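Next comes upload08.cif, a file with mmCIF, C-alpha atoms.
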data_coords
#
loop_
_atom_site.label_atom_id
_atom_site.label_comp_id
_atom_site.auth_asym_id
_atom_site.auth_seq_id
_atom_site.Cartn_x
_atom_site.Cartn_y
_atom_site.Cartn_z
CA MET A 1 -20.25 -7.67 -8.06
CA LEU A 2 -23.97 -6.92 -8.41
CA SER A 3 -24.69 -4.95 -11.50
CA PRO A 4 -26.77 -1.82 -11.43
CA PHE A 5 -28.39 -3.00 -14.66
CA PRO A 6 -30.08 -6.31 -13.90
CA ASN A 7 -32.15 -8.45 -16.27
CA ARG A 8 -30.82 -7.01 -19.48
CA GLN A 9 -29.83 -9.00 -22.47
CA LEU A 10 -27.77 -8.43 -25.60
CA HIS A 11 -29.93 -6.57 -28.11
CA GLY A 12 -30.51 -3.14 -29.65
CA PRO A 13 -27.55 -0.77 -29.88
CA LEU A 14 -25.16 -3.24 -28.32
CA SER A 15 -25.82 -5.91 -30.91
CA ARG A 16 -25.41 -3.31 -33.67
CA ILE A 17 -22.07 -2.20 -32.24
CA CYS A 18 -20.91 -5.81 -31.94
CA THR A 19 -21.88 -6.39 -35.56
CA VAL A 20 -19.92 -3.31 -36.64
CA LEU A 21 -16.89 -4.37 -34.57
CA LEU A 22 -16.91 -7.88 -35.99
CA SER A 23 -17.39 -6.58 -39.52
CA MET A 24 -14.52 -4.14 -39.13
CA SER A 25 -12.29 -6.80 -37.66
CA ALA A 26 -13.14 -9.03 -40.61
CA VAL A 27 -11.38 -6.49 -42.81
CA CYS A 28 -8.15 -7.65 -41.19
CA ILE A 29 -8.18 -10.98 -42.99
CA CYS A 30 -7.77 -9.29 -46.33
CA PRO A 31 -4.61 -10.27 -48.22
CA GLY A 32 -1.59 -8.13 -47.54
CA VAL A 33 -2.26 -7.57 -43.86
CA HIS A 34 0.72 -8.67 -41.79
CA ALA A 35 0.23 -12.07 -40.20
CA GLN A 36 1.16 -10.75 -36.74
CA ASN A 37 -1.90 -8.55 -36.80
CA THR A 38 -4.49 -11.27 -36.48
CA PRO A 39 -7.30 -10.02 -34.22
CA ILE A 40 -7.26 -11.40 -30.72
CA LEU A 41 -9.88 -12.74 -28.40
CA SER A 42 -8.73 -12.36 -24.84
CA GLY A 43 -10.28 -12.01 -21.41
CA GLY A 44 -11.28 -14.14 -18.47
CA VAL A 45 -13.80 -16.63 -17.18
CA GLY A 46 -14.34 -16.85 -13.47
CA PHE A 47 -16.49 -18.22 -10.69
CA LEU A 48 -16.46 -15.78 -7.80
CA THR A 49 -17.91 -16.09 -4.31
CA ASP A 50 -18.32 -13.35 -1.75
CA THR A 51 -19.44 -13.82 1.85
CA ASN A 52 -20.21 -10.43 3.35
CA GLY A 53 -21.58 -10.33 6.87
CA GLY A 54 -22.66 -13.97 6.57
CA ASN A 55 -24.45 -13.67 3.21
CA THR A 56 -22.83 -15.49 0.33
CA THR A 57 -23.16 -14.38 -3.28
CA TYR A 58 -22.06 -16.59 -6.18
CA SER A 59 -21.11 -14.91 -9.46
CA PRO A 60 -20.10 -16.75 -12.63
CA ASN A 61 -18.44 -14.22 -14.94
CA ILE A 62 -17.15 -14.06 -18.47
CA ALA A 63 -15.48 -10.98 -19.92
CA PRO A 64 -14.22 -11.35 -23.50
CA VAL A 65 -11.96 -8.70 -25.01
CA LEU A 66 -11.76 -8.28 -28.76
CA ALA A 67 -8.90 -6.31 -30.31
CA ALA A 68 -8.71 -5.98 -34.08
CA PRO A 69 -6.13 -3.85 -35.89
CA ILE A 70 -7.07 -2.34 -39.24
CA GLY A 71 -4.23 -1.12 -41.40
CA GLU A 72 -1.21 0.48 -39.81
CA HIS A 73 -2.88 3.02 -37.55
CA LEU A 74 -6.24 1.81 -36.37
CA LEU A 75 -7.26 -0.54 -33.57
CA ILE A 76 -10.82 -1.51 -32.70
CA GLU A 77 -11.23 -2.92 -29.22
CA SER A 78 -14.05 -3.84 -26.93
CA ARG A 79 -14.65 -5.62 -23.65
CA LEU A 80 -17.97 -7.15 -22.73
CA THR A 81 -18.96 -8.27 -19.26
CA ALA A 82 -21.51 -10.99 -18.65
CA VAL A 83 -22.27 -11.86 -15.06
CA GLU A 84 -24.96 -13.83 -13.29
CA SER A 85 -25.22 -13.22 -9.53
CA PHE A 86 -26.97 -15.58 -7.14
CA PHE A 87 -27.66 -13.98 -3.76
CA PRO A 88 -29.69 -14.88 -0.65
CA LYS A 89 -33.08 -13.19 -0.60
CA GLY A 90 -33.14 -13.12 3.17
CA GLY A 91 -35.76 -14.41 5.55
CA GLY A 92 -35.04 -17.99 4.55
CA GLN A 93 -36.57 -17.52 1.10
CA GLY A 94 -33.72 -19.08 -0.80
CA TYR A 95 -31.67 -17.47 -3.54
CA GLY A 96 -32.53 -14.87 -6.15
CA HIS A 97 -30.45 -14.00 -9.16
CA LEU A 98 -29.61 -11.06 -11.38
CA HIS A 99 -27.78 -10.99 -14.65
CA PHE A 100 -26.00 -8.32 -16.59
CA VAL A 101 -24.48 -8.18 -20.05
CA GLY A 102 -22.88 -4.98 -21.22
CA PRO A 103 -19.76 -3.35 -22.60
CA ALA A 104 -17.06 -1.88 -20.40
CA PHE A 105 -15.64 -0.22 -23.48
CA ALA A 106 -16.12 -0.31 -27.24
CA GLN A 107 -13.72 2.07 -28.92
CA ALA A 108 -11.65 2.88 -31.98
CA ASP A 109 -8.03 3.97 -31.45
CA TYR A 110 -6.29 5.90 -34.20
CA ILE A 111 -2.52 6.17 -33.75
CA ALA A 112 -2.05 9.57 -35.38
CA THR A 113 1.59 10.27 -34.54
CA SER A 114 4.26 8.80 -32.30
CA HIS A 115 2.88 10.96 -29.48
CA ILE A 116 -0.85 11.13 -30.14
CA THR A 117 -3.52 8.45 -30.22
CA ALA A 118 -7.09 9.57 -30.80
CA VAL A 119 -9.75 7.43 -29.15
CA GLY A 120 -13.42 7.57 -30.06
CA GLY A 121 -16.41 5.64 -28.76
CA TYR A 122 -17.20 4.24 -25.35
CA PHE A 123 -14.04 4.22 -23.27
CA LEU A 124 -12.91 3.74 -19.68
CA ILE A 125 -12.50 7.02 -17.80
CA PRO A 126 -8.79 7.70 -17.20
CA PHE A 127 -8.90 8.59 -13.53
CA GLY A 128 -6.60 6.99 -10.96
CA THR A 129 -5.29 3.55 -11.78
CA PHE A 130 -7.97 1.09 -10.84
CA ASN A 131 -10.60 1.88 -13.46
CA GLU A 132 -8.40 1.48 -16.53
CA ARG A 133 -5.87 -1.06 -15.30
CA LEU A 134 -7.26 -3.32 -12.62
CA THR A 135 -10.99 -3.75 -13.22
CA PRO A 136 -10.60 -7.04 -15.14
CA PHE A 137 -11.01 -9.81 -12.56
CA TRP A 138 -8.22 -11.83 -14.19
CA ILE A 139 -5.81 -8.96 -13.51
CA ASN A 140 -6.87 -7.65 -10.10
CA PRO A 141 -5.25 -9.79 -7.39
CA LEU A 142 -8.14 -8.99 -5.01
CA GLN A 143 -11.73 -9.51 -5.98
CA ASP A 144 -13.13 -6.22 -4.68
CA GLY A 145 -12.12 -2.85 -6.03
CA PRO A 146 -11.05 -0.10 -3.68
CA LEU A 147 -13.74 1.86 -1.84
CA ILE A 148 -12.64 5.09 -3.54
CA GLY A 149 -13.07 3.53 -7.00
CA GLY A 150 -16.18 5.65 -7.60
CA ILE A 151 -14.42 9.00 -7.23
CA GLY A 152 -13.61 10.67 -10.55
CA THR A 153 -15.02 7.85 -12.68
CA MET A 154 -18.26 9.75 -13.37
CA ASN A 155 -20.76 7.20 -12.05
CA SER A 156 -20.52 4.54 -14.75
CA GLY A 157 -16.73 4.32 -15.08
CA SER A 158 -17.01 4.91 -18.82
CA GLY A 159 -17.32 7.91 -21.10
CA LEU A 160 -18.92 8.31 -24.51
CA GLY A 161 -17.00 10.70 -26.72
CA GLY A 162 -13.37 11.28 -27.52
CA MET A 163 -9.99 11.12 -25.88
CA LEU A 164 -6.44 12.02 -26.81
CA ARG A 165 -3.68 10.03 -25.18
CA GLY A 166 -0.15 8.90 -25.73
CA SER A 167 3.45 9.20 -24.76
CA ALA A 168 4.53 12.82 -24.26
CA ILE A 169 8.16 12.09 -23.44
CA SER A 170 10.07 8.84 -23.53
CA THR A 171 13.73 8.62 -22.64
CA PRO A 172 15.71 5.84 -20.95
CA ARG A 173 15.61 7.80 -17.67
CA PHE A 174 12.13 9.24 -17.74
CA SER A 175 8.85 8.89 -19.53
CA MET A 176 5.57 10.70 -19.30
CA ASN A 177 2.22 9.83 -20.77
CA TYR A 178 -1.07 11.65 -20.78
CA ALA A 179 -4.78 11.26 -21.44
CA ALA A 180 -7.45 13.95 -21.86
CA TYR A 181 -11.09 13.22 -22.62
CA LEU A 182 -14.48 14.80 -23.21
CA SER A 183 -17.59 12.72 -22.68
CA ALA A 184 -21.21 13.35 -23.56
CA GLY A 185 -24.01 12.35 -21.22
CA SER A 186 -25.87 9.21 -22.22
CA THR A 187 -28.83 7.55 -20.56
CA ASN A 188 -28.77 4.58 -22.92
CA PHE A 189 -28.75 1.71 -20.46
CA ARG A 190 -25.93 -0.09 -22.28
CA PHE A 191 -23.73 2.97 -22.75
CA THR A 192 -24.39 5.00 -19.64
CA SER A 193 -22.14 8.01 -19.24
CA SER A 194 -22.09 11.46 -17.71
CA ARG A 195 -21.22 14.70 -19.43
CA SER A 196 -17.73 15.23 -18.13
CA THR A 197 -14.17 16.07 -18.94
CA GLY A 198 -10.84 15.27 -17.36
CA GLY A 199 -7.45 13.78 -17.81
CA GLN A 200 -4.41 12.19 -16.39
CA LEU A 201 -0.65 12.69 -16.39
CA ASN A 202 1.75 9.91 -15.42
CA ALA A 203 5.50 10.15 -14.92
CA TYR A 204 7.58 6.98 -14.86
CA PHE A 205 11.18 6.69 -13.70
CA PRO A 206 12.62 3.42 -15.11
CA ASN A 207 15.72 3.40 -12.91
CA ALA A 208 13.66 3.54 -9.74
CA GLN A 209 10.73 1.67 -11.32
CA LEU A 210 8.54 4.33 -9.80
CA GLU A 211 5.38 5.80 -11.27
CA ILE A 212 3.73 8.98 -10.04
CA GLY A 213 0.54 10.28 -11.54
CA ALA A 214 -2.21 12.82 -11.11
CA SER A 215 -5.80 12.78 -12.35
CA TYR A 216 -8.51 15.36 -12.71
CA GLY A 217 -12.17 15.02 -13.58
CA ARG A 218 -14.99 17.53 -13.85
CA LEU A 219 -18.62 16.57 -13.98
CA LEU A 220 -20.39 18.97 -16.34
CA GLU A 221 -23.95 18.03 -15.43
CA SER A 222 -26.27 19.87 -13.01
CA THR A 223 -24.04 20.82 -10.08
CA GLN A 224 -20.61 20.89 -11.65
CA THR A 225 -18.08 19.21 -9.40
CA ASN A 226 -14.38 18.45 -9.48
CA SER A 227 -12.48 15.33 -8.50
CA ILE A 228 -8.75 15.03 -8.12
CA GLY A 229 -6.53 12.07 -7.53
CA THR A 230 -2.95 11.03 -7.31
CA HIS A 231 -1.19 7.69 -7.34
CA VAL A 232 2.24 6.23 -6.67
CA TRP A 233 3.25 2.77 -7.86
CA TRP A 234 6.53 1.06 -7.17
CA THR A 235 6.97 -2.05 -9.30
CA PRO A 236 10.57 -3.21 -9.27
CA THR A 237 11.49 -5.54 -12.13
CA SER A 238 14.27 -7.29 -10.19
CA ILE A 239 11.92 -8.66 -7.53
CA PRO A 240 8.32 -9.82 -7.96
CA LEU A 241 6.91 -7.14 -5.70
CA LYS A 242 4.30 -4.52 -6.46
CA ILE A 243 3.32 -1.65 -4.21
CA ARG A 244 0.42 0.45 -5.42
CA SER A 245 -1.24 3.38 -3.75
CA GLU A 246 -3.83 5.91 -4.67
CA TYR A 247 -5.58 8.90 -3.13
CA ALA A 248 -8.73 10.54 -4.46
CA HIS A 249 -10.80 13.51 -3.38
CA GLY A 250 -14.36 13.97 -4.63
CA PRO A 251 -17.00 16.60 -3.98
CA HIS A 252 -18.35 14.80 -0.90
CA SER A 253 -15.69 12.35 0.15
CA GLN A 254 -12.08 11.32 0.00
CA GLY A 255 -9.95 8.29 0.68
CA TYR A 256 -6.86 6.29 -0.10
CA TRP A 257 -5.66 2.73 -0.52
CA VAL A 258 -2.24 1.10 -0.35
CA GLU A 259 -1.67 -2.40 -1.69
CA SER A 260 1.30 -4.68 -1.67
CA ASP A 261 1.59 -8.03 -3.43
CA TYR A 262 4.55 -10.29 -3.65
CA ARG A 263 4.73 -13.39 -5.83
CA LEU A 264 6.92 -15.90 -4.01
CA SER A 265 8.70 -16.85 -7.23
CA GLN A 266 12.10 -16.23 -5.68
CA PHE A 267 11.58 -19.43 -3.72
CA LYS A 268 12.62 -22.13 -6.23
CA GLY A 269 11.13 -20.35 -9.23
CA GLU A 270 7.65 -19.24 -10.19
CA ASN A 271 6.56 -22.77 -11.15
CA SER A 272 7.44 -24.32 -7.81
CA LEU A 273 4.81 -25.22 -5.23
CA VAL A 274 5.67 -22.17 -3.12
CA GLY A 275 6.57 -19.94 -6.05
CA ARG A 276 3.00 -20.05 -7.33
CA LEU A 277 1.76 -18.33 -4.18
CA GLU A 278 1.08 -14.61 -4.12
CA PRO A 279 0.18 -12.98 -0.79
CA ILE A 280 -1.53 -9.60 -1.02
CA PHE A 281 -2.28 -6.96 1.54
CA ARG A 282 -4.36 -3.83 1.13
CA ILE A 283 -5.32 -1.12 3.57
CA GLN A 284 -7.80 1.61 2.80
CA GLN A 285 -9.64 4.42 4.50
CA THR A 286 -12.52 6.58 3.34
CA PHE A 287 -13.81 9.82 4.80
CA ARG A 288 -17.29 11.19 4.23
CA ASP A 289 -17.06 14.98 4.17
CA SER A 290 -20.68 15.78 3.36
CA PRO A 291 -23.85 13.88 2.41
CA GLY A 292 -24.08 13.02 -1.26
CA ASN A 293 -25.54 10.42 -3.58
CA ASP A 294 -22.22 9.29 -5.02
CA GLY A 295 -22.18 5.57 -4.29
CA PHE A 296 -19.56 6.12 -1.65
CA PRO A 297 -19.88 4.71 1.91
CA THR A 298 -22.19 6.96 3.96
CA VAL A 299 -19.88 6.87 6.98
CA ASN A 300 -16.12 6.77 7.45
CA ASN A 301 -14.62 3.35 6.78
CA GLN A 302 -11.41 1.50 7.42
CA ARG A 303 -10.81 -1.77 5.67
CA VAL A 304 -7.96 -4.24 5.58
CA ASP A 305 -7.70 -7.08 3.05
CA PHE A 306 -5.45 -10.11 3.33
CA GLY A 307 -5.32 -12.12 0.13
CA LEU A 308 -3.57 -15.26 -0.97
CA ASP A 309 -3.64 -16.15 -4.67
CA TYR A 310 -2.35 -19.35 -6.22
CA HIS A 311 -1.24 -19.40 -9.84
CA LEU A 312 -1.97 -22.80 -11.37
CA PRO A 313 -0.59 -23.83 -14.76
CA HIS A 314 -2.42 -22.91 -17.97
CA GLU A 315 -3.44 -19.41 -16.86
CA VAL A 316 -5.71 -20.62 -14.06
CA ARG A 317 -5.65 -18.78 -10.76
CA ILE A 318 -7.29 -19.28 -7.39
CA ASN A 319 -7.93 -16.11 -5.41
CA THR A 320 -8.77 -16.13 -1.73
CA SER A 321 -9.06 -13.21 0.64
CA TYR A 322 -10.29 -12.14 4.01
CA ALA A 323 -11.22 -8.54 4.77
CA ARG A 324 -12.39 -6.75 7.87
CA ARG A 325 -14.31 -3.54 7.45
CA PHE A 326 -14.64 -1.10 10.34
CA ALA A 327 -17.38 1.51 10.35
CA SER A 328 -19.62 3.21 12.89
CA THR A 329 -22.56 1.32 11.38
CA GLY A 330 -20.93 -1.98 12.34
CA ASP A 331 -17.86 -4.06 11.61
CA THR A 332 -18.11 -6.85 9.06
CA ASN A 333 -16.03 -9.77 7.83
CA ILE A 334 -15.74 -10.36 4.09
CA TRP A 335 -14.51 -13.69 2.74
CA GLU A 336 -13.94 -14.07 -0.97
CA THR A 337 -12.80 -16.85 -3.27
CA ALA A 338 -12.49 -17.09 -7.02
CA LEU A 339 -11.45 -19.56 -9.66
CA ILE A 340 -10.28 -17.65 -12.73
CA TYR A 341 -9.09 -18.64 -16.18
CA ARG A 342 -7.46 -16.09 -18.43
CA PHE A 343 -7.46 -16.74 -22.17
CA LEU A 344 -5.63 -15.16 -25.09
CA PHE A 345 -5.75 -16.53 -28.61
CA PRO A 346 -6.26 -15.48 -32.23
CA ALA A 347 -9.88 -14.63 -33.03
CA TRP A 348 -9.77 -17.13 -35.88
CA ARG A 349 -7.52 -19.76 -37.33
CA GLY A 350 -4.95 -18.59 -39.82
CA LYS A 351 -2.09 -19.93 -41.86
CA MET B 1 -13.59 0.06 17.98
CA LYS B 2 -9.91 0.29 18.84
CA LYS B 3 -9.31 -3.30 17.84
CA HIS B 4 -9.21 -2.38 14.17
CA TRP B 5 -5.79 -0.88 14.84
CA ILE B 6 -4.58 -4.42 15.48
CA PHE B 7 -5.51 -5.33 11.91
CA ILE B 8 -4.07 -2.11 10.53
CA SER B 9 -0.81 -2.58 12.44
CA LEU B 10 -0.59 -6.17 11.27
CA GLY B 11 -1.10 -5.02 7.72
CA ILE B 12 1.54 -2.32 7.93
CA VAL B 13 4.01 -4.85 9.34
CA LEU B 14 3.22 -7.18 6.42
CA LEU B 15 3.61 -4.30 4.01
CA ALA B 16 7.08 -3.66 5.38
CA VAL B 17 8.13 -7.29 5.74
CA LEU B 18 7.29 -8.38 2.20
CA PRO B 19 9.74 -6.04 0.47
CA LEU B 20 12.41 -6.84 3.06
CA ALA B 21 11.87 -10.57 2.62
CA SER B 22 12.09 -10.27 -1.12
CA GLN B 23 15.27 -8.26 -1.00
CA THR B 24 17.04 -10.60 1.41
CA THR B 25 16.20 -13.71 -0.59
CA LYS B 26 19.37 -14.94 -2.23
CA GLU B 27 19.30 -15.17 -5.99
CA SER B 28 20.77 -18.16 -7.70
CA ALA B 29 23.58 -17.52 -10.18
CA PRO B 30 21.41 -17.97 -13.32
CA GLN B 31 18.73 -15.72 -11.83
CA ALA B 32 21.27 -13.06 -11.02
CA ALA B 33 22.73 -13.27 -14.52
CA ALA B 34 19.27 -13.02 -16.04
CA ALA B 35 18.43 -10.05 -13.86
CA LYS B 36 21.66 -8.41 -14.95
CA GLN B 37 20.75 -9.01 -18.57
CA GLN B 38 17.27 -7.64 -18.03
CA ALA B 39 18.51 -4.37 -16.61
CA PRO B 40 20.39 -2.43 -19.24
CA LYS B 41 22.07 0.80 -18.28
CA ALA B 42 19.92 3.88 -18.50
CA SER B 43 22.36 5.35 -20.96
CA ASP B 44 21.51 2.67 -23.55
CA ARG B 45 19.83 4.42 -26.45
CA THR B 46 17.84 1.54 -27.92
CA PRO B 47 15.09 0.39 -25.59
CA ASP B 48 15.35 -3.23 -24.56
CA GLY B 49 12.18 -5.13 -25.45
CA ASN B 50 12.28 -7.30 -22.36
CA GLN B 51 12.69 -4.24 -20.17
CA VAL B 52 9.83 -2.48 -21.96
CA PHE B 53 7.71 -5.55 -21.32
CA LEU B 54 8.60 -5.79 -17.64
CA GLN B 55 8.22 -2.08 -16.99
CA ASN B 56 4.99 -1.50 -18.86
CA CYS B 57 2.98 -4.68 -19.41
CA ALA B 58 3.97 -6.60 -16.27
CA ARG B 59 3.39 -3.50 -14.15
CA CYS B 60 -0.31 -4.38 -14.16
CA HIS B 61 -0.71 -8.02 -15.13
CA THR B 62 1.17 -11.29 -15.09
CA VAL B 63 2.97 -12.46 -18.17
CA PRO B 64 0.90 -14.74 -20.43
CA GLU B 65 2.41 -18.23 -20.46
CA THR B 66 2.43 -18.30 -24.24
CA PHE B 67 0.67 -16.86 -27.26
CA SER B 68 0.79 -17.28 -30.99
CA SER B 69 3.23 -15.08 -32.91
CA ARG B 70 0.34 -14.36 -35.29
CA ILE B 71 -1.18 -12.05 -32.68
CA SER B 72 1.96 -10.39 -31.37
CA GLY B 73 1.41 -7.27 -33.49
CA THR B 74 -2.13 -6.90 -32.17
CA VAL B 75 -1.03 -7.43 -28.57
CA VAL B 76 1.68 -4.80 -28.95
CA ARG B 77 -0.66 -2.27 -30.55
CA HIS B 78 -3.18 -2.85 -27.74
CA MET B 79 -0.42 -2.25 -25.20
CA ARG B 80 0.76 0.85 -27.02
CA VAL B 81 -2.66 2.43 -26.51
CA ARG B 82 -3.29 1.09 -22.99
CA ALA B 83 0.15 1.67 -21.52
CA GLY B 84 0.97 4.83 -23.47
CA LEU B 85 4.04 3.32 -25.10
CA SER B 86 6.19 5.43 -27.37
CA ALA B 87 6.68 4.37 -31.00
CA GLN B 88 10.24 3.34 -30.12
CA ASP B 89 9.09 1.18 -27.21
CA GLU B 90 6.43 -0.39 -29.42
CA LYS B 91 9.07 -1.44 -31.96
CA ALA B 92 11.36 -2.81 -29.24
CA LEU B 93 8.50 -4.80 -27.74
CA LEU B 94 7.56 -6.22 -31.13
CA ARG B 95 11.18 -7.27 -31.71
CA PHE B 96 11.26 -8.89 -28.27
CA LEU B 97 8.09 -10.89 -28.93
CA ASN B 98 9.33 -11.92 -32.39
CA PRO B 99 13.07 -12.55 -31.96
#

Written form, structure tokens:
Amino acid sequence: MLSPFPNRQLHGPLSRICTVLLSMSAVCICPGVHAQNTPILSGGVGFLTDTNGGNTTYSPNIAPVLAAPIGEHLLIESRLTAVESFFPKGGGQGYGHLHFVGPAFAQADYIATSHITAVGGYFLIPFGTFNERLTPFWINPLQDGPLIGGIGTMNSGSGLGGMLRGSAISTPRFSMNYAAYLSAGSTNFRFTSSRSTGGQLNAYFPNAQLEIGASYGRLLESTQTNSIGTHVWWTPTSIPLKIRSEYAHGPHSQGYWVESDYRLSQFKGENSLVGRLEPIFRIQQTFRDSPGNDGFPTVNNQRVDFGLDYHLPHEVRINTSYARRFASTGDTNIWETALIYRFLFPAWRGK
Amino acid sequence: MKKHWIFISLGIVLLAVLPLASQTTKESAPQAAAAKQQAPKASDRTPDGNQVFLQNCARCHTVPETFSSRISGTVVRHMRVRAGLSAQDEKALLRFLNP
């Protein structure tokens, strides 16, 4: 959970963007706007711990999400992340700390037609499933992301530019959605991005509750490289089971992960003592094909995660997990716990 | 080094057992009726809002316990962009959240 951008505070371009977002969302309180379209403040607050190879890091987190519709076609949305990490300095010198405040995305979505939404601003790169769907810690059932999470997400995980996305086909038996983006390179430390392009195509089969998708990304800076990925999710609606899997291949490495989680809500309901439990298992392997500075493990890795989450009332969740990582550089145990609160309410009081 | 296969094997067994366990668990009569209601036939032309919710929103995250109806339109528009919902699914979801 350590940020690559320590010791930075909210100022400069970020504060200007926040001001613009809040000003634009304020437009929504004008008379005539439908009452259901009150802007929302959502997100999560969490206290996360991570013990990796005997060293424990403590990370209080808050990640607010603002979504504000304007008129019938426009949506302004943004997610900020604020994290403070306390970690052992080593050598018995006590704890040091780093903090990070920055946007994960700050974008405007214009719903142009029933099939096309144009996105502009700072957005999450649509590659694989983890980056766009599971990075919020109040959604991800395991604290750590997959080891292949860095493939195809163009270093920062976000792009600065434009994207077209939407539903290409939607029938009761089959639906397909797409996303295609073009990002400029930015060295602004709040809005870091690489010059890149790419996209994603997802097919969903409602009868089988099966999703199959493919992603492509091309880095357009210096040595131009390609990344490809594919994913398969099976999420039956009749039973509280989710099986997710993903494979990605980058210029220097490749890997996959498979995850299964099952909420025990079929045992006396989801609000029973047992029904609040959610065991999770994930297996992943990475393969280093050639040396490269891509944030990926330098040697081949295997990792297994066993998680057990407990859903308390009022949107509070306790996450626990144990992982064992196997690599030629040494095997390590990783223990993680988290106390997480998810919130969702109107951004201001209304009638 | 070979011992990691013990963990991997254990994991694969868990991966297989969880779906089996969930499928063999008996559903109570109300649960079964609700499940039946939640699964309209594929030939139905109008999308069912509950089904849209389960198939698109709940695919990634758990269902919020409750939220104000004042924000339902915003939530649905957010989901339309994030989950790539069609206009038809968006309307069905809005109807479902505001019966």

At most 6 Å to chain A: residues in chain B, all atoms listed in the file, as number ranges by chain: B: 42, 61, 70-74, 84-87

If the PyMOL selection byres ((chain A and resi 213) around 7) is run on the structure shown, which residues does it catch, given as an NGL selection string? :A and (201-203 or 211-212 or 214-215 or 230-232)

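As for CA of Arg79 in chain A and CA of Met79 in chain B, they are spaced 14.7 Å apart.
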
As an exercise, work out the distance from CA of Thr192 in chain A to CA of Phe105 in chain A in Å and give it to one decimal place.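 For CA of Thr192 in chain A relative to CA of Phe105 in chain A, the distance reads 10.9 Å.
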
Can you spell out as a PyMOL selection string the set of residues that the PyMOL selection byres ((chain A and resi 182) around 8) selects in the structure I just provided? chain A and resi 159-163+180-181+183-184+195-198

Would you compute the distance between CA of Gly150 in chain A and CA of Asp294 in chain A? Give it in Å to one decimal.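 Interatomic distance here is 7.5 Å.
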
Would you list the residues near (-8.9, -21.3, -13.6), meaning any protein, DNA or RNA residue with an atom at most 8 Å from that point in file coordinates, counting only C-alpha atoms, as a ChimeraX atom specification? /A:45-46,312,314-318,339-342

Asn319 in chain A environment, 8 Å, only C-alpha atoms, sequence neighbours closer than 6 positions dropped, as a PDB file with C-alpha atoms, keeping the file's coordinate frame:
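Once everything was written out, this is result.pdb:
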ATOM      1  CA  PRO A 141      -5.250  -9.790  -7.390  1.00  0.00           C
ATOM      2  CA  LEU A 142      -8.140  -8.990  -5.010  1.00  0.00           C
ATOM      3  CA  GLN A 143     -11.730  -9.510  -5.980  1.00  0.00           C
ATOM      4  CA  GLY A 307      -5.320 -12.120   0.130  1.00  0.00           C
ATOM      5  CA  LEU A 308      -3.570 -15.260  -0.970  1.00  0.00           C
ATOM      6  CA  ASP A 309      -3.640 -16.150  -4.670  1.00  0.00           C
ATOM      7  CA  TYR A 310      -2.350 -19.350  -6.220  1.00  0.00           C
ATOM      8  CA  GLU A 336     -13.940 -14.070  -0.970  1.00  0.00           C
ATOM      9  CA  THR A 337     -12.800 -16.850  -3.270  1.00  0.00           C
ATOM     10  CA  ALA A 338     -12.490 -17.090  -7.020  1.00  0.00           C
ATOM     11  CA  LEU A 339     -11.450 -19.560  -9.660  1.00  0.00           C
ATOM     12  CA  ILE A 340     -10.280 -17.650 -12.730  1.00  0.00           C
TER      13      ILE A 340
END

Residues matched by the PyMOL selection byres ((chain A and resi 216) around 9), written as a list in words: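 On this input, the PyMOL selection byres ((chain A and resi 216) around 9) captures Pro126, Phe127, Gly128, Gly152, Thr197, Gly198, Gly199, Gln200, Ala214, Ser215, Gly217, Arg218, Asn226, Ser227, Ile228, Gly229 and Thr230 of chain A.
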
Spatial neighbours of Ser194 in chain A, max dist 9 Å, all atoms listed in the file, sep filter under 3 positions, as an NGL selection string: :A and (154-156 or 158-160 or 183-187 or 219-221)

At a cut-off of 10 Å from (6.8, -4.5, -18.0) in the coordinates of the file, what residues are picked up using all atoms listed in the file, written as a VMD selection string? (chain A and resid 209 235 to 237) or (chain B and resid 49 to 63 83 93)

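With all atoms listed in the file as the basis for measurement, A:Ile148 is the residue among A:Ile148, A:Leu273, A:Leu98, A:Ala106 that approaches Arg288 in chain A most closely.
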